[in-house]
Every structure is written in C-alpha cells, then in structure tokens.
file structure-v9.cif (mmCIF, C-alpha atoms)
data_work
#
loop_
_atom_site.label_atom_id
_atom_site.label_comp_id
_atom_site.auth_asym_id
_atom_site.auth_seq_id
_atom_site.Cartn_x
_atom_site.Cartn_y
_atom_site.Cartn_z
CA MET A 1 110.19 -79.35 40.31
CA ILE A 2 112.33 -82.43 39.81
CA ASP A 3 114.96 -80.22 38.15
CA ASN A 4 115.56 -78.66 41.57
CA TRP A 5 116.34 -82.11 43.03
CA VAL A 6 118.16 -84.01 40.30
CA ASN A 7 120.59 -83.07 37.57
CA VAL A 8 118.43 -84.66 34.88
CA SER A 9 121.00 -84.18 32.14
CA SER A 10 123.44 -86.41 34.01
CA LEU A 11 121.07 -89.40 33.92
CA ASN A 12 121.90 -90.07 30.27
CA SER A 13 125.68 -89.83 30.73
CA THR A 14 127.81 -92.95 30.39
CA TYR A 15 131.26 -93.96 31.53
CA THR A 16 133.58 -92.92 28.71
CA GLU A 17 137.03 -92.76 30.31
CA ASP A 18 137.84 -96.33 29.40
CA ASP A 19 135.56 -98.11 26.94
CA LEU A 20 137.42 -101.32 27.67
CA ILE A 21 135.65 -101.54 31.01
CA LEU A 22 132.22 -101.32 29.40
CA THR A 23 133.00 -103.55 26.44
CA GLY A 24 135.64 -106.05 27.49
CA TYR A 25 134.95 -106.25 31.23
CA GLY A 26 131.38 -104.97 31.40
CA LYS A 27 129.88 -108.47 31.29
CA LEU A 28 132.27 -109.75 33.94
CA LEU A 29 131.41 -106.76 36.14
CA ALA A 30 127.70 -107.41 35.65
CA LEU A 31 128.22 -111.08 36.50
CA PHE A 32 130.11 -110.10 39.63
CA ASP A 33 127.27 -107.77 40.68
CA PHE A 34 124.71 -110.49 39.95
CA LEU A 35 126.55 -113.00 42.14
CA MET A 36 126.84 -110.49 44.98
CA LEU A 37 123.12 -109.77 44.74
CA GLY A 38 122.15 -113.43 44.65
CA ILE A 39 124.41 -114.62 47.46
CA GLY A 40 123.79 -111.56 49.60
CA LEU A 41 119.99 -111.56 49.28
CA PHE A 42 119.64 -115.31 49.75
CA GLY A 43 122.16 -115.55 52.60
CA ASN A 44 120.95 -112.56 54.60
CA SER A 45 117.30 -113.50 54.09
CA ILE A 46 118.09 -116.96 55.46
CA VAL A 47 119.89 -115.32 58.40
CA ILE A 48 116.85 -113.17 59.25
CA TYR A 49 114.29 -115.95 58.75
CA SER A 50 116.18 -118.78 60.44
CA SER A 51 117.29 -116.72 63.45
CA THR A 52 113.92 -115.08 64.17
CA ARG A 53 111.82 -118.21 63.72
CA TYR A 54 114.05 -121.20 64.45
CA LYS A 55 117.14 -119.73 66.22
CA ALA A 56 119.34 -121.55 63.76
CA ILE A 57 122.45 -119.51 64.72
CA SER A 58 123.84 -120.64 68.08
CA ILE A 59 124.80 -117.33 69.68
CA ASP A 60 123.69 -115.33 72.71
CA GLN A 61 120.46 -113.36 72.42
CA VAL A 62 121.98 -109.87 72.58
CA SER A 63 124.51 -110.58 69.84
CA MET A 64 121.72 -112.11 67.78
CA VAL A 65 119.71 -108.89 68.05
CA PHE A 66 122.65 -107.02 66.50
CA LEU A 67 123.22 -109.65 63.80
CA GLU A 68 119.54 -109.71 62.77
CA ASN A 69 119.49 -105.94 62.31
CA LEU A 70 122.86 -106.12 60.57
CA ALA A 71 121.39 -108.57 58.06
CA THR A 72 118.35 -106.30 57.60
CA SER A 73 120.55 -103.29 56.84
CA GLU A 74 122.57 -105.38 54.39
CA VAL A 75 119.43 -106.42 52.52
CA LEU A 76 118.54 -102.72 52.19
CA ILE A 77 122.04 -101.97 50.89
CA LEU A 78 121.67 -104.68 48.25
CA VAL A 79 118.31 -103.29 47.13
CA LEU A 80 119.17 -99.56 47.22
CA HIS A 81 122.85 -99.71 46.25
CA ASN A 82 123.85 -102.93 44.51
CA PHE A 83 120.78 -103.53 42.38
CA PRO A 84 120.86 -100.05 40.72
CA ILE A 85 124.59 -100.49 40.12
CA PHE A 86 124.00 -103.91 38.53
CA VAL A 87 121.36 -102.50 36.17
CA SER A 88 123.50 -99.45 35.35
CA VAL A 89 126.48 -101.66 34.49
CA LEU A 90 124.23 -103.88 32.38
CA PHE A 91 122.62 -101.03 30.40
CA LYS A 92 125.52 -98.55 30.70
CA LYS A 93 123.24 -95.76 31.99
CA TRP A 94 120.78 -94.93 34.76
CA MET A 95 117.48 -96.75 34.20
CA PHE A 96 115.33 -95.87 37.23
CA GLY A 97 114.35 -92.27 36.59
CA PRO A 98 115.07 -89.04 38.49
CA TYR A 99 113.01 -89.81 41.60
CA MET A 100 114.83 -93.06 42.31
CA CYS A 101 118.11 -91.26 41.65
CA TYR A 102 117.30 -88.72 44.35
CA PHE A 103 116.12 -91.42 46.75
CA THR A 104 119.23 -93.59 46.42
CA ALA A 105 121.59 -90.60 46.50
CA PHE A 106 120.46 -89.42 49.93
CA LEU A 107 118.22 -91.91 51.74
CA GLY A 108 120.25 -94.79 50.31
CA THR A 109 123.06 -93.89 52.71
CA MET A 110 120.91 -94.79 55.72
CA PRO A 111 121.55 -98.59 55.76
CA PHE A 112 125.31 -98.02 55.44
CA VAL A 113 125.30 -95.90 58.61
CA VAL A 114 123.13 -98.47 60.40
CA GLU A 115 125.51 -101.27 59.39
CA ILE A 116 128.56 -99.38 60.67
CA PHE A 117 127.14 -98.45 64.07
CA ILE A 118 125.61 -101.88 64.65
CA LEU A 119 129.09 -103.36 64.23
CA VAL A 120 130.52 -100.72 66.58
CA SER A 121 127.86 -101.53 69.20
CA LEU A 122 128.39 -105.26 68.76
CA ALA A 123 132.16 -104.97 69.20
CA CYS A 124 131.78 -102.76 72.29
CA TYR A 125 129.21 -105.16 73.74
CA ARG A 126 131.57 -108.11 73.36
CA VAL A 127 134.32 -106.11 75.11
CA CYS A 128 131.97 -105.34 78.00
CA VAL A 129 130.95 -109.00 78.28
CA LEU A 130 134.59 -110.07 78.29
CA ASN A 131 135.56 -107.55 80.97
CA ARG A 132 132.52 -108.16 83.15
CA SER A 133 133.20 -111.75 84.05
CA SER A 134 135.15 -114.81 82.99
CA THR A 135 131.88 -116.75 82.91
CA ILE A 136 129.03 -115.54 80.77
CA ASN A 137 125.52 -116.05 82.08
CA VAL A 138 123.50 -116.53 78.93
CA GLY A 139 120.23 -116.19 80.78
CA SER A 140 121.07 -112.70 82.03
CA ALA A 141 122.09 -111.73 78.49
CA ASP A 142 118.64 -112.79 77.27
CA ILE A 143 116.95 -110.59 79.88
CA LYS A 144 118.93 -107.55 78.77
CA ALA A 145 118.18 -108.12 75.09
CA ASP A 146 115.22 -105.71 75.23
CA LYS A 147 117.50 -102.86 76.32
CA TYR A 148 119.76 -103.50 73.36
CA ARG A 149 116.77 -103.51 71.01
CA ILE A 150 116.18 -99.92 72.11
CA LEU A 151 119.80 -99.15 71.22
CA VAL A 152 119.33 -100.73 67.80
CA ASN A 153 116.21 -98.61 67.20
CA LEU A 154 118.23 -95.51 68.06
CA ILE A 155 120.85 -96.57 65.52
CA TRP A 156 118.18 -96.76 62.82
CA ILE A 157 117.01 -93.26 63.79
CA LEU A 158 120.64 -92.10 63.58
CA GLY A 159 120.87 -93.51 60.04
CA ILE A 160 117.76 -91.57 59.00
CA CYS A 161 119.12 -88.39 60.58
CA TYR A 162 122.40 -88.84 58.69
CA SER A 163 120.47 -88.99 55.42
CA PHE A 164 118.65 -85.74 56.20
CA ILE A 165 121.87 -84.05 57.29
CA LEU A 166 123.41 -85.09 54.00
CA MET A 167 120.33 -83.86 52.17
CA PHE A 168 119.83 -80.46 53.75
CA GLY A 169 122.92 -79.73 55.84
CA ILE A 170 126.11 -80.31 53.89
CA SER A 171 124.98 -80.49 50.27
CA ASP A 172 123.06 -78.39 47.80
CA ASN A 173 120.19 -80.93 47.89
CA LEU A 174 120.86 -81.94 44.29
CA ALA A 175 121.41 -85.52 43.17
CA VAL A 176 123.54 -86.36 40.17
CA TYR A 177 124.31 -89.58 38.35
CA LEU A 178 127.98 -90.54 38.69
CA PRO A 179 128.82 -92.71 35.67
CA GLU A 180 132.27 -93.61 36.99
CA ARG A 181 130.53 -95.28 39.98
CA PHE A 182 127.37 -96.44 38.17
CA ARG A 183 125.14 -94.86 40.82
CA CYS A 184 123.61 -91.58 41.94
CA GLY A 185 125.10 -89.41 44.66
CA PRO A 186 124.89 -85.88 46.09
CA SER A 187 126.44 -83.21 43.91
CA ASN A 188 128.52 -81.66 46.67
CA PHE A 189 131.93 -82.47 45.24
CA SER A 190 132.29 -79.22 43.28
CA ASN A 191 131.66 -76.94 46.28
CA PRO A 192 134.73 -76.76 48.58
CA GLN A 193 132.59 -75.88 51.61
CA TYR A 194 130.37 -78.92 51.15
CA ARG A 195 133.42 -81.10 50.46
CA VAL A 196 135.07 -80.18 53.78
CA ALA A 197 131.83 -80.72 55.71
CA ASN A 198 131.29 -84.08 54.00
CA THR A 199 134.86 -85.12 54.84
CA VAL A 200 134.35 -84.31 58.52
CA LEU A 201 131.06 -86.22 58.54
CA VAL A 202 132.64 -89.22 56.83
CA PHE A 203 135.46 -89.17 59.39
CA CYS A 204 132.94 -89.29 62.26
CA VAL A 205 130.66 -91.88 60.63
CA ILE A 206 133.15 -94.21 58.91
CA LEU A 207 136.79 -93.73 59.90
CA LEU A 208 136.34 -93.32 63.66
CA PRO A 209 133.95 -96.31 63.93
CA MET A 210 136.39 -98.42 61.91
CA VAL A 211 139.15 -97.58 64.40
CA VAL A 212 136.84 -98.53 67.27
CA ILE A 213 135.89 -101.83 65.60
CA VAL A 214 139.50 -102.81 64.93
CA THR A 215 140.67 -101.79 68.42
CA ALA A 216 137.84 -103.64 70.16
CA ASN A 217 138.37 -106.86 68.23
CA LEU A 218 142.14 -106.79 68.70
CA TYR A 219 141.56 -106.26 72.41
CA ILE A 220 139.16 -109.23 72.54
CA LEU A 221 141.56 -111.50 70.69
CA GLY A 222 144.50 -110.38 72.83
CA LYS A 223 142.68 -110.85 76.12
CA LEU A 224 141.34 -114.26 75.13
CA THR A 225 144.83 -115.33 74.08
CA VAL A 226 146.28 -114.22 77.41
CA PHE A 227 143.45 -115.98 79.23
CA ARG A 228 144.07 -119.18 77.33
CA VAL A 229 147.82 -119.08 78.03
CA LYS A 230 147.35 -118.34 81.74
CA ARG A 231 144.74 -121.06 82.10
CA GLU A 232 146.88 -123.71 80.48
CA MET A 233 149.95 -122.60 82.46
CA ALA A 234 147.95 -122.91 85.68
CA LEU A 235 146.74 -126.37 84.74
CA LYS A 236 150.27 -127.53 83.99
CA GLY A 237 151.89 -125.69 86.90
CA SER A 238 154.28 -123.85 84.58
CA THR A 239 155.79 -120.48 85.53
CA ASN A 240 158.16 -119.82 82.60
CA VAL A 241 156.14 -118.16 79.83
CA PHE A 242 158.74 -118.62 77.10
CA GLN A 243 159.27 -122.30 77.87
CA PHE A 244 155.51 -122.79 77.96
CA LEU A 245 155.10 -121.16 74.53
CA LEU A 246 157.81 -123.38 73.07
CA ASP A 247 156.08 -126.44 74.54
CA LYS A 248 152.78 -125.10 73.19
CA ILE A 249 154.14 -124.89 69.64
CA GLY A 250 155.34 -128.46 69.88
CA LYS A 251 151.98 -129.57 71.28
CA GLN A 252 150.08 -127.85 68.44
CA ARG A 253 152.11 -129.85 65.95
CA HIS A 254 151.20 -132.99 67.84
CA ASP A 255 147.52 -131.94 67.98
CA ARG A 256 147.43 -131.52 64.21
CA ARG A 257 148.63 -135.08 63.82
CA THR A 258 146.17 -136.52 66.35
CA ASN A 259 143.31 -134.09 65.46
CA SER A 260 142.92 -133.09 69.13
CA GLN A 261 141.95 -129.59 70.21
CA VAL A 262 142.25 -127.50 73.37
CA THR A 263 139.13 -125.44 74.00
CA CYS A 264 138.81 -122.28 76.00
CA PRO A 265 135.60 -121.77 78.01
CA ASN A 266 133.14 -119.04 76.99
CA THR A 267 134.84 -118.42 73.64
CA GLY A 268 134.18 -120.63 70.63
CA ASN A 269 132.24 -119.65 67.55
CA THR A 270 130.75 -116.42 68.91
CA VAL A 271 134.05 -114.54 69.11
CA LEU A 272 135.27 -116.07 65.84
CA THR A 273 132.07 -115.17 63.98
CA ILE A 274 131.93 -111.57 65.18
CA THR A 275 135.65 -111.00 64.69
CA LEU A 276 135.56 -112.27 61.10
CA ILE A 277 132.50 -110.13 60.32
CA CYS A 278 134.18 -107.01 61.72
CA PHE A 279 137.50 -107.50 59.94
CA VAL A 280 135.83 -108.29 56.59
CA PHE A 281 133.82 -105.08 57.02
CA VAL A 282 137.00 -103.06 57.65
CA ALA A 283 138.67 -104.63 54.61
CA SER A 284 135.63 -103.73 52.46
CA TYR A 285 135.59 -100.09 53.54
CA THR A 286 139.34 -99.48 53.44
CA PRO A 287 139.41 -98.66 49.65
CA LEU A 288 136.72 -96.02 50.26
CA MET A 289 138.79 -94.36 52.98
CA VAL A 290 141.84 -94.40 50.71
CA SER A 291 139.86 -92.63 47.98
CA ILE A 292 138.64 -89.98 50.44
CA VAL A 293 142.19 -89.31 51.61
CA LEU A 294 143.45 -89.06 48.03
CA ARG A 295 140.68 -86.65 47.06
CA ASN A 296 141.40 -84.40 50.02
CA LEU A 297 145.08 -84.42 49.10
CA LYS A 298 144.01 -83.50 45.53
CA ILE A 299 145.71 -86.59 44.12
CA PRO A 300 144.09 -87.75 40.88
CA ILE A 301 142.28 -91.09 41.13
CA PRO A 302 142.08 -93.37 38.08
CA GLY A 303 138.66 -94.38 36.84
CA TRP A 304 139.12 -98.07 37.61
CA TYR A 305 139.65 -97.27 41.29
CA ASP A 306 136.20 -95.62 41.50
CA ILE A 307 134.69 -98.85 40.21
CA PHE A 308 136.88 -100.88 42.56
CA PHE A 309 135.95 -99.20 45.84
CA THR A 310 132.27 -98.89 44.82
CA HIS A 311 132.03 -102.66 44.49
CA CYS A 312 134.20 -103.34 47.54
CA LEU A 313 131.65 -101.60 49.76
CA SER A 314 129.34 -104.60 49.47
CA LEU A 315 131.82 -107.46 49.64
CA ASN A 316 131.24 -107.92 53.35
CA ILE A 317 127.51 -108.35 52.68
CA THR A 318 128.29 -111.32 50.46
CA PHE A 319 130.80 -112.83 52.86
CA ASN A 320 128.77 -112.49 56.07
CA PRO A 321 126.32 -115.37 55.37
CA LEU A 322 129.29 -117.51 54.33
CA ILE A 323 130.99 -116.66 57.65
CA TYR A 324 127.86 -117.71 59.55
CA ALA A 325 127.79 -120.98 57.64
CA ALA A 326 131.51 -121.64 58.14
CA THR A 327 131.55 -120.97 61.89
CA ASN A 328 128.11 -122.28 62.89
CA LYS A 329 127.30 -125.91 62.20
CA ARG A 330 123.60 -125.59 62.87
CA PHE A 331 123.17 -122.65 60.50
CA ARG A 332 125.27 -124.42 57.87
CA GLN A 333 123.00 -127.47 58.06
CA TYR A 334 119.97 -125.21 57.86
CA MET A 335 121.26 -123.52 54.68
CA ILE A 336 122.06 -126.89 53.09
CA GLU A 337 118.62 -128.21 53.87
CA LYS A 338 117.01 -125.02 52.54
CA LEU A 339 118.82 -125.56 49.27
CA ARG A 340 117.46 -129.10 49.27
CA ILE A 341 113.96 -127.71 49.97
CA ASP A 342 113.65 -129.92 53.06
CA SER A 343 114.80 -128.41 56.33
CA SER A 344 112.43 -130.03 58.87
CA GLU A 345 115.25 -132.17 60.26
CA TYR A 346 117.11 -129.15 61.65
CA TYR A 347 114.24 -127.10 63.04
CA GLU A 348 114.48 -126.44 66.74
CA GLU A 349 110.79 -127.33 66.98
CA PRO A 350 109.17 -129.49 64.32
CA LEU A 351 106.48 -127.85 62.28
CA PRO A 352 102.99 -128.85 63.43
CA MET A 353 101.30 -131.31 61.14
CA PRO A 354 98.07 -130.07 59.58
CA ARG A 355 94.99 -131.51 61.15
CA MET A 356 93.18 -134.03 58.98
CA ARG A 357 89.44 -134.02 58.91
CA PRO A 358 87.93 -137.38 59.87
CA ILE A 359 86.58 -139.31 56.96
CA PRO A 360 82.91 -140.14 57.52
CA ALA A 361 82.01 -143.82 57.51
CA MET A 362 80.57 -145.00 54.30
CA ALA A 363 77.17 -146.57 54.41
CA VAL A 364 77.19 -150.19 53.41
#
call {"tool": "encode", "arguments": {"input": "structure-v9.cif", "output": "structure tokens"}}
result
Amino acid sequence: MIDNWVNVSSLNSTYTEDDLILTGYGKLLALFDFLMLGIGLFGNSIVIYSSTRYKAISIDQVSMVFLENLATSEVLILVLHNFPIFVSVLFKKWMFGPYMCYFTAFLGTMPFVVEIFILVSLACYRVCVLNRSSTINVGSADIKADKYRILVNLIWILGICYSFILMFGISDNLAVYLPERFRCGPSNFSNPQYRVANTVLVFCVILLPMVVIVTANLYILGKLTVFRVKREMALKGSTNVFQFLLDKIGKQRHDRRTNSQVTCPNTGNTVLTITLICFVFVASYTPLMVSIVLRNLKIPIPGWYDIFFTHCLSLNITFNPLIYAATNKRFRQYMIEKLRIDSSEYYEEPLPMPRMRPIPAMAV
C-alpha cells in the first residue's frame, strides 16, 4: 500500500550532480542546519513560553496573539522541514522511512501556509490600527484579542486545507524524495497539468501575500514618517517642508553627538519589530519565488540554487527571536537570564515560594 503513496526507490537516491557539495561543503551545510535548528528551536520556544506565562515581550495583546502563533508555526517548520533536511545532509540520504516522507511532503506544508497568512493578518491589523486613530487604546485592543484568536484558528484550518488540496487536488498523491533539496515533496513536477495548478496555488498562497506584506509595511512606515514630520513641523511652527528637512538632517547629526532622540507617540518597538519580521520573511522567500518563475519559463536551474533557496526558507525563523531580543529590552533580559539559568529577576510576577512545613519542637 505504501507504494501507492511514496516512490520508495527514490528514498535511496543521493545528490550526485556535484560531489563537492557533499564532500567539501557537506559538513559546513550540516553545521549551518544545526545552528538554524538550535537557535530557532531555543528562541521560538522562549518566545512562546515567556509571552504566554510572563508577558516578557512588551507589545499589545492582539499583536502578541499573532506572534505567539507565528512562533508555534515556526517550531513546526523546524521539526517537519529543517530537522529532516539536517539529517539528510548529514547521512546523504533519507533516513526516516516512507511514511515520514509522505507526511512531510504534504502535511509538512501546513505550517508554512500558517506562517505566511499570520504575517499577512498582522500587517493588515497594524494598518487598521494606524488608520483608526492617532492614539492607540491598549485596553480596547486587549478586549478584541479573542476575536483575533478566532481568526488565527481559521488560519490554522486554512493551512490544513492547503495540505489536503495539495494531496488530493493538484498532485498525483505520490511523495518522492528530492535529493537536490534533501527533503521529500509531491511528485507533481513531471505532469504539466499539476505543474500549472501548483503554480497558480503558489501564486495565491505565497506571491500575493508577500505583495500584501510589503505594501502594508511600506504604507505603515510612510505614514509614520509623514506623521513624525508634520508633528515636529507643528511644534516648531515651520511651514517650509524642504527647509525643515534640511534642518532635520542637521539636527540628527547633532543628536548623534549628544545621544539625544526624538520619539514619536504610539510607535516605538512594536512597528520596528513587526516591520523587521515581515521584511526578513520576504527576503527569505524571494529565492523560492525566483526558482518558481525560472521553472515556469523553462530556464535551467543549477543544483546549488536548489540547496540555496531550500535553506533560505527557514532563515527568518532563526532571525525572528534575534529581532525580538534586539528590539525588546525586557525579552532580551529574559533570554540572557534564561541562559544564566536564573530569570526570577525579570519575571512580571515573582514565582511563589514553596511552603515549608513547620518543624516540630524537639522534646528536651
């Protein structure tokens, strides 16, 4: 029965186009995968644990709902995508058997879809918050967090549906080991009909959301910049925009010397954190989109590029915890204290001390 699901003969195939990659650079590639696994699993686990229990990341509740589920999807990507790739690079073949090959080929796509649409929802939410009012009521955002949890649950259902569409709708329901990518995938590349349907689905699930993410974040940055300029012009009573910008450049040089900063209300680390996460995600997925375009144009792709974009897909997972630590002082302190195995100083509420049983008086 498994022969109807998996091309078993492909599980023993190895990457033979360039032996230099497996011999000269195989250990470096395995080390790179190991570092991505370690940093990604540790960082995202800390994000989930610290935010759900201690609220270590200072951000509004709705955005935190998205970031917690984003970290959860990234942990699943590391387990279902990066770990099999790491083992396949290390042993130069598939080591998990046909059932795991089928599982990762189809259901392993679910966390990628969840990650993409969580970022789309997060970017659109920040645009709505920015357009709604110049002052953000954090309390009202906390009340609406439950509604956004329903949206996040629907995104997870969408990811599962995508996996079943890929399994039964646009492929021949056969998984095959792809040695040039060190992972298993659906064997729909040889059938032109499946290839066109897969391209359309990838356009709707990856390319279009990437455009939305980039547009939303550029809009947020542009509007905040205009708001900052208008606010400072109003405070200084200036009406000439060009003269104000020239004075602003000169003032920034002076601020660097005196270490002074001009802050804008209701912005801060939230916008910076989310913008960095979104743009790192787009940079990680861009090589994949390039490969899809080249394949549809029937342009040959070298073997090293398959390895390159396969590993780029998970770079944002490694960088996201580092972005949280760089832009959020409280989370950075929490991570440092976790590494020191003593984080009680930075808990929002101190851990309760265990109750000691009274020692009975000794008879004299």
call {"tool": "residues_near_point", "arguments": {"input": "structure-v9.cif", "point": "(127.0, -124.4, 55.6)", "cutoff": "12 Å", "atoms": "all atoms listed in the file", "output": "tab-separated table (two decimals) with C-alpha atoms, in the coordinates of the input"}}
result
chain	number	residue	atom	x	y	z
A	43	GLY	CA	122.16	-115.55	52.60
A	46	ILE	CA	118.09	-116.96	55.46
A	47	VAL	CA	119.89	-115.32	58.40
A	56	ALA	CA	119.34	-121.55	63.76
A	57	ILE	CA	122.45	-119.51	64.72
A	321	PRO	CA	126.32	-115.37	55.37
A	322	LEU	CA	129.29	-117.51	54.33
A	323	ILE	CA	130.99	-116.66	57.65
A	324	TYR	CA	127.86	-117.71	59.55
A	325	ALA	CA	127.79	-120.98	57.64
A	326	ALA	CA	131.51	-121.64	58.14
A	327	THR	CA	131.55	-120.97	61.89
A	328	ASN	CA	128.11	-122.28	62.89
A	329	LYS	CA	127.30	-125.91	62.20
A	330	ARG	CA	123.60	-125.59	62.87
A	331	PHE	CA	123.17	-122.65	60.50
A	332	ARG	CA	125.27	-124.42	57.87
A	333	GLN	CA	123.00	-127.47	58.06
A	334	TYR	CA	119.97	-125.21	57.86
A	335	MET	CA	121.26	-123.52	54.68
A	336	ILE	CA	122.06	-126.89	53.09
A	337	GLU	CA	118.62	-128.21	53.87
A	338	LYS	CA	117.01	-125.02	52.54
A	339	LEU	CA	118.82	-125.56	49.27
call {"tool": "resolve_selection", "arguments": {"input": "structure-v9.cif", "expression": "the PyMOL selection byres ((chain A and resi 216) around 9)", "output": "list in words"}}
result
Val120, Ala123, Cys124, Arg126, Val127, Val211, Val212, Ile213, Val214, Thr215, Asn217, Leu218, Tyr219, Ile220 and Leu221 of chain A
call {"tool": "atom_distance", "arguments": {"input": "structure-v9.cif", "atom1": "CA of Cys184 in chain A", "atom2": "CA of Leu29 in chain A"}}
result
18.0 Å
call {"tool": "atom_distance", "arguments": {"input": "structure-v9.cif", "atom1": "CA of Ile48 in chain A", "atom2": "CA of Tyr125 in chain A"}}
result
20.7 Å
call {"tool": "closest_residue", "arguments": {"input": "structure-v9.cif", "among": "A:Ser121, A:Ser63, A:Ser51, A:Ser73", "to": "Pro209 in chain A", "atoms": "all atoms listed in the file"}}
result
A:Ser121
call {"tool": "residues_around", "arguments": {"input": "structure-v9.cif", "residues": "range 149-153 of chain A", "least_positions_apart": "2", "cutoff": "12 Å", "atoms": "all atoms listed in the file", "output": "JSON, numbers by chain"}}
result
{"A": [61, 62, 63, 64, 65, 66, 67, 68, 69, 70, 72, 73, 113, 114, 115, 116, 117, 118, 119, 120, 121, 122, 125, 142, 143, 144, 145, 146, 147, 155, 156, 157, 158, 159, 160]}
call {"tool": "atom_distance", "arguments": {"input": "structure-v9.cif", "atom1": "CA of Cys101 in chain A", "atom2": "CA of Phe168 in chain A"}}
result
16.3 Å
call {"tool": "closest_residue", "arguments": {"input": "structure-v9.cif", "among": "A:Leu178, A:Ala283, A:Val196, A:Cys312", "to": "Met36 in chain A", "atoms": "all atoms listed in the file"}}
result
A:Cys312
call {"tool": "residues_around", "arguments": {"input": "structure-v9.cif", "residues": "Leu41 in chain A", "least_positions_apart": "4", "cutoff": "12 Å", "atoms": "only C-alpha atoms", "output": "PyMOL selection string"}}
result
chain A and resi 33-37+45-49+71-79+82-83+314+317-321
call {"tool": "resolve_selection", "arguments": {"input": "structure-v9.cif", "expression": "the PyMOL selection byres ((chain A and resi 282) around 10)", "output": "JSON, numbers by chain"}}
result
{"A": [116, 206, 207, 209, 210, 211, 213, 214, 276, 277, 278, 279, 280, 281, 283, 284, 285, 286, 287, 313, 316]}
call {"tool": "closest_residue", "arguments": {"input": "structure-v9.cif", "among": "A:Phe32, A:Phe203, A:Tyr305, A:Phe112", "to": "His81 in chain A", "atoms": "all atoms listed in the file"}}
result
A:Phe112
call {"tool": "decode", "arguments": {"input": "structure-v9.cif", "residues": "range 88-100 of chain A", "atoms": "N, CA, C and O atoms", "output": "tab-separated table (two decimals), in the first residue's frame"}}
result
chain	number	residue	atom	x	y	z
A	88	SER	N	19.30	14.46	6.48
A	88	SER	CA	19.58	14.02	5.10
A	88	SER	C	20.92	14.55	4.61
A	88	SER	O	21.65	13.85	3.91
A	89	VAL	N	21.26	15.79	4.98
A	89	VAL	CA	22.57	16.32	4.62
A	89	VAL	C	23.67	15.55	5.34
A	89	VAL	O	24.74	15.26	4.76
A	90	LEU	N	23.41	15.19	6.59
A	90	LEU	CA	24.42	14.51	7.40
A	90	LEU	C	24.69	13.11	6.87
A	90	LEU	O	25.85	12.67	6.77
A	91	PHE	N	23.63	12.37	6.51
A	91	PHE	CA	23.78	10.99	6.07
A	91	PHE	C	23.67	10.83	4.56
A	91	PHE	O	23.77	9.70	4.05
A	92	LYS	N	23.43	11.92	3.83
A	92	LYS	CA	23.41	11.94	2.37
A	92	LYS	C	22.29	11.09	1.77
A	92	LYS	O	22.36	10.72	0.61
A	93	LYS	N	21.25	10.79	2.56
A	93	LYS	CA	20.07	10.10	2.05
A	93	LYS	C	18.94	10.27	3.05
A	93	LYS	O	19.14	10.73	4.17
A	94	TRP	N	17.73	9.84	2.64
A	94	TRP	CA	16.56	9.95	3.51
A	94	TRP	C	16.61	8.85	4.56
A	94	TRP	O	16.78	7.68	4.23
A	95	MET	N	16.43	9.23	5.84
A	95	MET	CA	16.62	8.29	6.94
A	95	MET	C	15.36	8.01	7.74
A	95	MET	O	15.41	7.25	8.70
A	96	PHE	N	14.21	8.57	7.34
A	96	PHE	CA	13.03	8.49	8.20
A	96	PHE	C	11.95	7.55	7.67
A	96	PHE	O	10.85	7.52	8.23
A	97	GLY	N	12.20	6.85	6.60
A	97	GLY	CA	11.24	5.88	6.11
A	97	GLY	C	10.18	6.50	5.21
A	97	GLY	O	10.05	7.73	5.10
A	98	PRO	N	9.38	5.66	4.55
A	98	PRO	CA	8.40	6.15	3.57
A	98	PRO	C	7.24	6.91	4.20
A	98	PRO	O	6.73	7.86	3.61
A	99	TYR	N	6.79	6.50	5.40
A	99	TYR	CA	5.64	7.16	5.99
A	99	TYR	C	5.96	8.62	6.36
A	99	TYR	O	5.16	9.52	6.14
A	100	MET	N	7.13	8.83	6.93
A	100	MET	CA	7.54	10.19	7.28
A	100	MET	C	7.77	11.03	6.01
A	100	MET	O	7.53	12.23	6.00
